[in-house]
$ cat data_9.cif   # mmCIF, N, CA and C atoms
data_input
#
loop_
_atom_site.label_atom_id
_atom_site.label_comp_id
_atom_site.auth_asym_id
_atom_site.auth_seq_id
_atom_site.Cartn_x
_atom_site.Cartn_y
_atom_site.Cartn_z
N MET A 1 66.30 101.38 99.34
CA MET A 1 67.37 101.99 100.10
C MET A 1 68.72 101.47 99.63
N ASP A 2 68.80 100.21 99.28
CA ASP A 2 70.05 99.63 98.79
C ASP A 2 70.48 100.25 97.48
N GLU A 3 69.53 100.65 96.69
CA GLU A 3 69.85 101.28 95.42
C GLU A 3 70.52 102.64 95.65
N LYS A 4 70.02 103.39 96.65
CA LYS A 4 70.61 104.69 96.96
C LYS A 4 72.04 104.53 97.44
N ARG A 5 72.31 103.55 98.29
CA ARG A 5 73.66 103.32 98.78
C ARG A 5 74.60 102.97 97.65
N GLN A 6 74.15 102.17 96.74
CA GLN A 6 75.01 101.76 95.64
C GLN A 6 75.21 102.91 94.66
N ARG A 7 74.23 103.80 94.53
CA ARG A 7 74.42 104.96 93.66
C ARG A 7 75.45 105.93 94.27
N MET A 8 75.43 106.10 95.59
CA MET A 8 76.38 107.00 96.24
C MET A 8 77.79 106.42 96.21
N ASN A 9 77.91 105.16 96.49
CA ASN A 9 79.20 104.50 96.51
C ASN A 9 79.02 103.11 95.91
N PRO A 10 79.27 102.97 94.63
CA PRO A 10 79.00 101.68 93.99
C PRO A 10 79.87 100.53 94.49
N SER A 11 81.01 100.83 95.12
CA SER A 11 81.87 99.74 95.59
C SER A 11 81.33 99.09 96.85
N VAL A 12 80.39 99.75 97.54
CA VAL A 12 79.82 99.19 98.76
C VAL A 12 78.70 98.24 98.38
N GLY A 13 78.79 97.05 98.87
CA GLY A 13 77.75 96.05 98.57
C GLY A 13 76.57 96.20 99.51
N ALA A 14 75.48 95.57 99.19
CA ALA A 14 74.26 95.64 99.99
C ALA A 14 74.42 94.90 101.30
N ASN A 15 75.23 93.87 101.31
CA ASN A 15 75.40 93.07 102.51
C ASN A 15 76.65 93.42 103.30
N ASP A 16 77.30 94.53 103.01
CA ASP A 16 78.53 94.91 103.69
C ASP A 16 78.21 95.49 105.07
N PRO A 17 78.54 94.78 106.19
CA PRO A 17 78.18 95.25 107.52
C PRO A 17 79.11 96.35 108.04
N VAL A 18 80.29 96.51 107.43
CA VAL A 18 81.28 97.44 107.95
C VAL A 18 80.92 98.90 107.61
N LEU A 19 80.51 99.14 106.39
CA LEU A 19 80.28 100.52 105.96
C LEU A 19 78.91 100.62 105.33
N GLN A 20 78.06 101.32 106.01
CA GLN A 20 76.74 101.56 105.45
C GLN A 20 76.47 103.05 105.51
N ILE A 21 76.32 103.68 104.36
CA ILE A 21 76.05 105.11 104.25
C ILE A 21 74.63 105.28 103.78
N THR A 22 73.90 106.05 104.55
CA THR A 22 72.52 106.31 104.14
C THR A 22 72.33 107.81 104.04
N LEU A 23 71.56 108.23 103.09
CA LEU A 23 71.28 109.63 102.87
C LEU A 23 69.80 109.85 103.05
N ASP A 24 69.46 110.63 104.03
CA ASP A 24 68.05 110.90 104.31
C ASP A 24 67.70 112.24 103.68
N THR A 25 66.96 112.26 102.63
CA THR A 25 66.58 113.49 101.92
C THR A 25 65.23 114.02 102.36
N SER A 26 64.62 113.41 103.34
CA SER A 26 63.30 113.85 103.76
C SER A 26 63.35 115.03 104.73
N LEU A 27 64.54 115.44 105.21
CA LEU A 27 64.65 116.51 106.19
C LEU A 27 65.06 117.84 105.55
N ASN A 28 64.39 118.29 104.55
CA ASN A 28 64.67 119.61 103.96
C ASN A 28 63.98 120.66 104.81
N SER A 29 64.72 121.27 105.72
CA SER A 29 64.12 122.22 106.64
C SER A 29 64.11 123.64 106.07
N ALA A 30 64.98 123.96 105.13
CA ALA A 30 65.04 125.31 104.59
C ALA A 30 65.39 125.25 103.12
N TYR A 31 64.97 126.27 102.44
CA TYR A 31 65.29 126.38 101.02
C TYR A 31 66.66 127.04 100.89
N ILE A 32 67.58 126.38 100.23
CA ILE A 32 68.93 126.91 100.06
C ILE A 32 69.02 127.52 98.68
N GLN A 33 69.28 128.82 98.66
CA GLN A 33 69.36 129.54 97.40
C GLN A 33 70.84 129.67 97.02
N PRO A 34 71.18 129.40 95.78
CA PRO A 34 72.59 129.54 95.39
C PRO A 34 73.02 131.01 95.46
N MET A 35 74.29 131.24 95.76
CA MET A 35 74.81 132.59 95.90
C MET A 35 74.84 133.28 94.55
N LYS A 36 74.38 134.52 94.53
CA LYS A 36 74.37 135.27 93.28
C LYS A 36 75.75 135.86 93.04
N ILE A 37 76.18 135.78 91.83
CA ILE A 37 77.47 136.35 91.44
C ILE A 37 77.18 137.44 90.41
N SER A 38 77.56 138.64 90.72
CA SER A 38 77.27 139.74 89.80
C SER A 38 78.39 139.85 88.77
N ASN A 39 78.03 140.32 87.64
CA ASN A 39 79.00 140.51 86.56
C ASN A 39 79.55 141.93 86.54
N ARG A 40 79.09 142.77 87.51
CA ARG A 40 79.56 144.15 87.54
C ARG A 40 80.99 144.20 88.06
N PRO A 41 81.81 145.04 87.49
CA PRO A 41 83.17 145.19 88.05
C PRO A 41 83.10 145.93 89.38
N ARG A 42 84.06 145.70 90.22
CA ARG A 42 84.12 146.38 91.51
C ARG A 42 84.36 147.86 91.28
N PHE A 43 83.91 148.67 92.27
CA PHE A 43 84.09 150.11 92.16
C PHE A 43 85.57 150.44 92.29
N ARG A 44 86.07 151.16 91.33
CA ARG A 44 87.46 151.61 91.37
C ARG A 44 87.49 153.11 91.26
N LYS A 45 88.39 153.72 92.02
CA LYS A 45 88.52 155.16 91.93
C LYS A 45 89.09 155.50 90.55
N PRO A 46 88.55 156.53 89.94
CA PRO A 46 89.13 156.90 88.64
C PRO A 46 90.56 157.39 88.84
N LYS A 47 91.42 157.03 87.91
CA LYS A 47 92.81 157.43 88.02
C LYS A 47 92.94 158.93 87.77
N VAL A 48 93.91 159.52 88.41
CA VAL A 48 94.12 160.96 88.30
C VAL A 48 95.02 161.24 87.11
N ASN A 49 94.64 162.23 86.32
CA ASN A 49 95.45 162.63 85.18
C ASN A 49 96.58 163.52 85.70
N LEU A 50 97.80 162.98 85.74
CA LEU A 50 98.93 163.73 86.27
C LEU A 50 99.46 164.75 85.27
N GLN A 51 98.93 164.76 84.04
CA GLN A 51 99.34 165.76 83.06
C GLN A 51 98.62 167.09 83.29
N SER A 52 97.59 167.07 84.12
CA SER A 52 96.80 168.27 84.40
C SER A 52 97.60 169.23 85.26
N GLN A 53 97.12 170.49 85.33
CA GLN A 53 97.74 171.47 86.21
C GLN A 53 96.95 171.65 87.49
N LEU A 54 95.70 171.20 87.52
CA LEU A 54 94.78 171.42 88.63
C LEU A 54 94.54 170.13 89.40
N PHE A 55 94.72 170.18 90.73
CA PHE A 55 94.53 168.99 91.56
C PHE A 55 93.76 169.38 92.82
N THR A 56 92.85 168.52 93.25
CA THR A 56 92.18 168.74 94.52
C THR A 56 93.17 168.43 95.65
N LEU A 57 92.85 168.89 96.84
CA LEU A 57 93.75 168.69 97.96
C LEU A 57 93.95 167.21 98.27
N SER A 58 92.88 166.42 98.21
CA SER A 58 93.01 164.99 98.54
C SER A 58 93.87 164.27 97.49
N ASN A 59 93.71 164.61 96.20
CA ASN A 59 94.55 164.00 95.17
C ASN A 59 95.99 164.49 95.29
N ALA A 60 96.17 165.75 95.66
CA ALA A 60 97.52 166.29 95.80
C ALA A 60 98.26 165.60 96.95
N LYS A 61 97.53 165.28 98.04
CA LYS A 61 98.18 164.57 99.14
C LYS A 61 98.60 163.17 98.69
N THR A 62 97.77 162.54 97.87
CA THR A 62 98.09 161.19 97.41
C THR A 62 99.31 161.19 96.50
N TYR A 63 99.39 162.16 95.60
CA TYR A 63 100.44 162.19 94.58
C TYR A 63 101.45 163.30 94.84
N LEU A 64 101.68 163.66 96.10
CA LEU A 64 102.53 164.80 96.42
C LEU A 64 103.95 164.65 95.87
N GLY A 65 104.53 163.48 95.98
CA GLY A 65 105.89 163.27 95.49
C GLY A 65 105.99 163.53 94.00
N ARG A 66 105.04 163.01 93.24
CA ARG A 66 105.05 163.20 91.78
C ARG A 66 104.80 164.66 91.43
N LEU A 67 103.92 165.32 92.20
CA LEU A 67 103.65 166.73 91.92
C LEU A 67 104.86 167.59 92.24
N MET A 68 105.62 167.22 93.26
CA MET A 68 106.84 167.97 93.58
C MET A 68 107.88 167.82 92.47
N GLU A 69 107.98 166.61 91.90
CA GLU A 69 108.89 166.42 90.77
C GLU A 69 108.46 167.27 89.59
N LYS A 70 107.15 167.32 89.36
CA LYS A 70 106.60 168.12 88.27
C LYS A 70 106.91 169.61 88.49
N ALA A 71 106.73 170.10 89.71
CA ALA A 71 107.03 171.49 90.02
C ALA A 71 108.53 171.76 89.92
N GLY A 72 109.34 170.76 90.25
CA GLY A 72 110.79 170.90 90.16
C GLY A 72 111.27 171.05 88.73
N ARG A 73 110.49 170.51 87.78
CA ARG A 73 110.84 170.67 86.36
C ARG A 73 110.38 172.02 85.81
N GLY A 74 109.75 172.84 86.66
CA GLY A 74 109.33 174.16 86.25
C GLY A 74 107.88 174.25 85.81
N GLU A 75 107.13 173.15 85.91
CA GLU A 75 105.72 173.17 85.53
C GLU A 75 104.90 173.76 86.67
N THR A 76 103.80 174.41 86.30
CA THR A 76 102.93 175.01 87.31
C THR A 76 101.93 173.98 87.80
N VAL A 77 101.79 173.87 89.11
CA VAL A 77 100.85 172.93 89.72
C VAL A 77 99.94 173.71 90.66
N TYR A 78 98.63 173.65 90.41
CA TYR A 78 97.65 174.32 91.25
C TYR A 78 96.97 173.28 92.13
N ILE A 79 96.81 173.62 93.41
CA ILE A 79 96.10 172.76 94.35
C ILE A 79 94.87 173.54 94.82
N ILE A 80 93.70 172.89 94.74
CA ILE A 80 92.45 173.55 95.05
C ILE A 80 91.88 172.99 96.35
N LYS A 81 91.46 173.90 97.24
CA LYS A 81 90.76 173.51 98.46
C LYS A 81 89.57 174.44 98.58
N GLY A 82 88.40 173.94 98.22
CA GLY A 82 87.20 174.77 98.22
C GLY A 82 87.34 175.84 97.16
N ARG A 83 87.25 177.11 97.58
CA ARG A 83 87.41 178.22 96.64
C ARG A 83 88.83 178.75 96.60
N GLN A 84 89.69 178.24 97.45
CA GLN A 84 91.07 178.71 97.51
C GLN A 84 91.93 177.94 96.52
N ARG A 85 92.86 178.64 95.89
CA ARG A 85 93.82 178.00 95.00
C ARG A 85 95.22 178.29 95.50
N PHE A 86 96.07 177.28 95.47
CA PHE A 86 97.45 177.42 95.89
C PHE A 86 98.35 176.96 94.75
N VAL A 87 99.55 177.54 94.69
CA VAL A 87 100.51 177.17 93.65
C VAL A 87 101.65 176.41 94.31
N LEU A 88 101.97 175.26 93.74
CA LEU A 88 103.12 174.47 94.20
C LEU A 88 104.26 174.78 93.25
N GLN A 89 105.31 175.39 93.77
CA GLN A 89 106.45 175.72 92.92
C GLN A 89 107.74 175.61 93.71
N GLU A 90 108.82 175.41 92.98
CA GLU A 90 110.12 175.31 93.61
C GLU A 90 110.62 176.71 93.96
N VAL A 91 111.20 176.83 95.14
CA VAL A 91 111.74 178.11 95.60
C VAL A 91 113.26 178.02 95.51
N PRO A 92 113.88 179.04 94.93
CA PRO A 92 115.35 178.98 94.84
C PRO A 92 115.98 179.00 96.23
N GLU A 93 117.15 178.43 96.33
CA GLU A 93 117.84 178.35 97.62
C GLU A 93 118.19 179.74 98.12
N ILE A 94 117.98 179.98 99.38
CA ILE A 94 118.27 181.28 99.98
C ILE A 94 119.73 181.29 100.42
N GLU A 95 120.45 182.33 99.99
CA GLU A 95 121.85 182.44 100.38
C GLU A 95 121.92 182.89 101.84
N PRO A 96 122.77 182.28 102.62
CA PRO A 96 122.85 182.69 104.03
C PRO A 96 123.44 184.09 104.17
N ILE A 97 123.02 184.78 105.22
CA ILE A 97 123.55 186.12 105.51
C ILE A 97 124.95 185.95 106.06
N PRO A 98 125.91 186.66 105.48
CA PRO A 98 127.28 186.47 105.97
C PRO A 98 127.43 186.96 107.41
N ILE A 99 128.26 186.30 108.17
CA ILE A 99 128.53 186.67 109.56
C ILE A 99 129.48 187.85 109.55
N ARG A 100 129.14 188.89 110.32
CA ARG A 100 129.98 190.08 110.37
C ARG A 100 131.21 189.79 111.23
N PRO A 101 132.32 190.30 110.83
CA PRO A 101 133.53 190.07 111.64
C PRO A 101 133.44 190.84 112.96
N PRO A 102 134.22 190.41 113.96
CA PRO A 102 134.20 191.13 115.24
C PRO A 102 134.58 192.61 115.05
N ASN A 103 133.99 193.48 115.88
CA ASN A 103 134.22 194.94 115.85
C ASN A 103 133.82 195.57 114.54
N TYR A 104 132.80 195.03 113.90
CA TYR A 104 132.33 195.57 112.62
C TYR A 104 131.76 196.98 112.81
N PHE A 105 131.05 197.21 113.94
CA PHE A 105 130.46 198.52 114.21
C PHE A 105 131.31 199.34 115.19
N ALA A 106 132.55 198.97 115.39
CA ALA A 106 133.39 199.62 116.41
C ALA A 106 133.55 201.11 116.13
N ASN A 107 133.70 201.49 114.90
CA ASN A 107 133.94 202.90 114.58
C ASN A 107 132.66 203.63 114.16
N ALA A 108 131.51 202.99 114.28
CA ALA A 108 130.27 203.63 113.84
C ALA A 108 129.78 204.67 114.83
N TYR A 109 130.05 204.49 116.12
CA TYR A 109 129.58 205.43 117.15
C TYR A 109 130.75 205.87 118.01
N SER A 110 130.68 207.14 118.44
CA SER A 110 131.71 207.64 119.36
C SER A 110 131.34 207.21 120.78
N PRO A 111 132.28 207.20 121.72
CA PRO A 111 131.96 206.83 123.10
C PRO A 111 130.90 207.72 123.73
N ALA A 112 130.88 209.00 123.37
CA ALA A 112 129.86 209.90 123.93
C ALA A 112 128.46 209.51 123.44
N GLU A 113 128.34 209.12 122.16
CA GLU A 113 127.05 208.70 121.61
C GLU A 113 126.58 207.40 122.28
N ILE A 114 127.47 206.50 122.53
CA ILE A 114 127.13 205.24 123.18
C ILE A 114 126.63 205.50 124.59
N GLN A 115 127.32 206.40 125.33
CA GLN A 115 126.90 206.74 126.70
C GLN A 115 125.51 207.36 126.71
N GLU A 116 125.25 208.27 125.78
CA GLU A 116 123.96 208.94 125.70
C GLU A 116 122.85 207.92 125.38
N ASP A 117 123.11 207.01 124.44
CA ASP A 117 122.12 205.97 124.09
C ASP A 117 121.82 205.07 125.29
N ASN A 118 122.84 204.68 126.05
CA ASN A 118 122.64 203.84 127.23
C ASN A 118 121.84 204.56 128.30
N ARG A 119 122.13 205.89 128.50
CA ARG A 119 121.39 206.67 129.49
C ARG A 119 119.91 206.78 129.11
N LEU A 120 119.62 207.00 127.83
CA LEU A 120 118.24 207.10 127.36
C LEU A 120 117.52 205.74 127.45
N ALA A 121 118.24 204.68 127.19
CA ALA A 121 117.64 203.35 127.27
C ALA A 121 117.24 203.02 128.70
N LYS A 122 118.11 203.40 129.68
CA LYS A 122 117.77 203.16 131.09
C LYS A 122 116.57 203.98 131.52
N ALA A 123 116.50 205.21 131.03
CA ALA A 123 115.41 206.11 131.42
C ALA A 123 114.08 205.66 130.82
N SER A 124 114.10 204.95 129.69
CA SER A 124 112.86 204.55 129.01
C SER A 124 112.23 203.30 129.61
N VAL A 125 112.93 202.61 130.49
CA VAL A 125 112.40 201.40 131.11
C VAL A 125 111.43 201.78 132.21
N VAL A 126 110.24 201.23 132.22
CA VAL A 126 109.25 201.49 133.25
C VAL A 126 109.49 200.48 134.37
N ARG A 127 109.83 200.99 135.53
CA ARG A 127 110.11 200.10 136.66
C ARG A 127 108.90 200.04 137.57
N ALA A 128 108.78 198.91 138.27
CA ALA A 128 107.69 198.75 139.23
C ALA A 128 107.94 199.64 140.43
N PRO A 129 106.87 200.14 141.05
CA PRO A 129 107.06 200.98 142.25
C PRO A 129 107.77 200.21 143.36
N LYS A 130 108.47 200.94 144.22
CA LYS A 130 109.26 200.31 145.28
C LYS A 130 108.41 199.51 146.24
N ASP A 131 107.17 199.94 146.48
CA ASP A 131 106.34 199.22 147.46
C ASP A 131 105.81 197.89 146.92
N LEU A 132 105.86 197.66 145.60
CA LEU A 132 105.41 196.39 145.01
C LEU A 132 106.51 195.35 144.92
N GLU A 133 107.75 195.78 145.08
CA GLU A 133 108.86 194.84 144.93
C GLU A 133 108.97 193.88 146.06
#
$ encode --input "data_9.cif" --output "structure tokens"
Amino acid sequence: MDEKRQRMNPSVGANDPVLQITLDTSLNSAYIQPMKISNRPRFRKPKVNLQSQLFTLSNAKTYLGRLMEKAGRGETVYIIKGRQRFVLQEVPEIEPIPIRPPNYFANAYSPAEIQEDNRLAKASVVRAPKDLE
């Protein structure tokens, strides 16, 4: 037993009452297997080829900013969802409709035509019967 103590800590003497370290190797209750380390690389998603014109919906959502830049340069970008295909393209700016100046239609109708149109409009309204009001 003294030999084991001196092998573990050679500075401890056999007669040292202060520090006595003993190692009991007779209590092996379970077999300890070393952890296996695999040499396989971790699974990585394959990178998407951004030079392509065809993208699945999930890849398009991931790279939407880059695909918008690509479409802004005039390149065609197709997005596929099942059997449906969509085109991502830049739309030119829509010019606003100019506001008409006041009294733009003032001379388009005569007062008699306006009165007749108003009379016909009132007559075309279906009103609820008096007893339901």
$ select_by_dssp --input "data_9.cif" --residues "range 33-109 of chain A" --states "alpha helix (DSSP H)" --output "PyMOL selection string"
chain A and resi 57-62+64-72
$ closest_residue --input "data_9.cif" --among "A:Met35, A:Ile79, A:Ala121, A:Leu88" --to "Leu57 in chain A" --atoms "only N, CA and C atoms"
A:Ile79
$ atom_distance --input "data_9.cif" --atom1 "CA of Ile80 in chain A" --atom2 "CA of Arg42 in chain A"
28.6 Å
$ closest_residue --input "data_9.cif" --among "A:Gln33, A:Gln115, A:Asn103, A:Ser52" --to "Tyr78 in chain A" --atoms "all atoms listed in the file"
A:Ser52
$ axis_aligned_box --input "data_9.cif" --around "range 60-68 of chain A" --padding-each-side "4 Å" --output "JSON"
{"center_x": 102.0, "center_y": 164.6, "center_z": 95.3, "size_x": 19.7, "size_y": 14.8, "size_z": 15.7}
$ atom_distance --input "data_9.cif" --atom1 "CA of Val91 in chain A" --atom2 "CA of Leu67 in chain A"
14.4 Å
$ atom_distance --input "data_9.cif" --atom1 "atom N of Val87 in chain A" --atom2 "CA of Arg73 in chain A"
15.6 Å
$ residues_near_point --input "data_9.cif" --point "(111.6, 173.0, 96.3)" --cutoff "8 Å" --atoms "all atoms listed in the file" --output "short mmCIF file (atom, residue, chain, number, x, y, z; two decimals) with N, CA and C atoms, in the coordinates of the input"
data_model
loop_
_atom_site.label_atom_id
_atom_site.label_comp_id
_atom_site.auth_asym_id
_atom_site.auth_seq_id
_atom_site.Cartn_x
_atom_site.Cartn_y
_atom_site.Cartn_z
N MET A 68 105.62 167.22 93.26
CA MET A 68 106.84 167.97 93.58
C MET A 68 107.88 167.82 92.47
N ALA A 71 106.73 170.10 89.71
CA ALA A 71 107.03 171.49 90.02
C ALA A 71 108.53 171.76 89.92
N GLY A 72 109.34 170.76 90.25
CA GLY A 72 110.79 170.90 90.16
C GLY A 72 111.27 171.05 88.73
N GLN A 89 105.31 175.39 93.77
CA GLN A 89 106.45 175.72 92.92
C GLN A 89 107.74 175.61 93.71
N GLU A 90 108.82 175.41 92.98
CA GLU A 90 110.12 175.31 93.61
C GLU A 90 110.62 176.71 93.96
N VAL A 91 111.20 176.83 95.14
CA VAL A 91 111.74 178.11 95.60
C VAL A 91 113.26 178.02 95.51
N PRO A 92 113.88 179.04 94.93
CA PRO A 92 115.35 178.98 94.84
C PRO A 92 115.98 179.00 96.23
N GLU A 93 117.15 178.43 96.33
CA GLU A 93 117.84 178.35 97.62
C GLU A 93 118.19 179.74 98.12
#
$ closest_residue --input "data_9.cif" --among "A:Gln53, A:Glu116, A:Ala60, A:Ala128" --to "Glu75 in chain A" --atoms "all atoms listed in the file"
A:Gln53
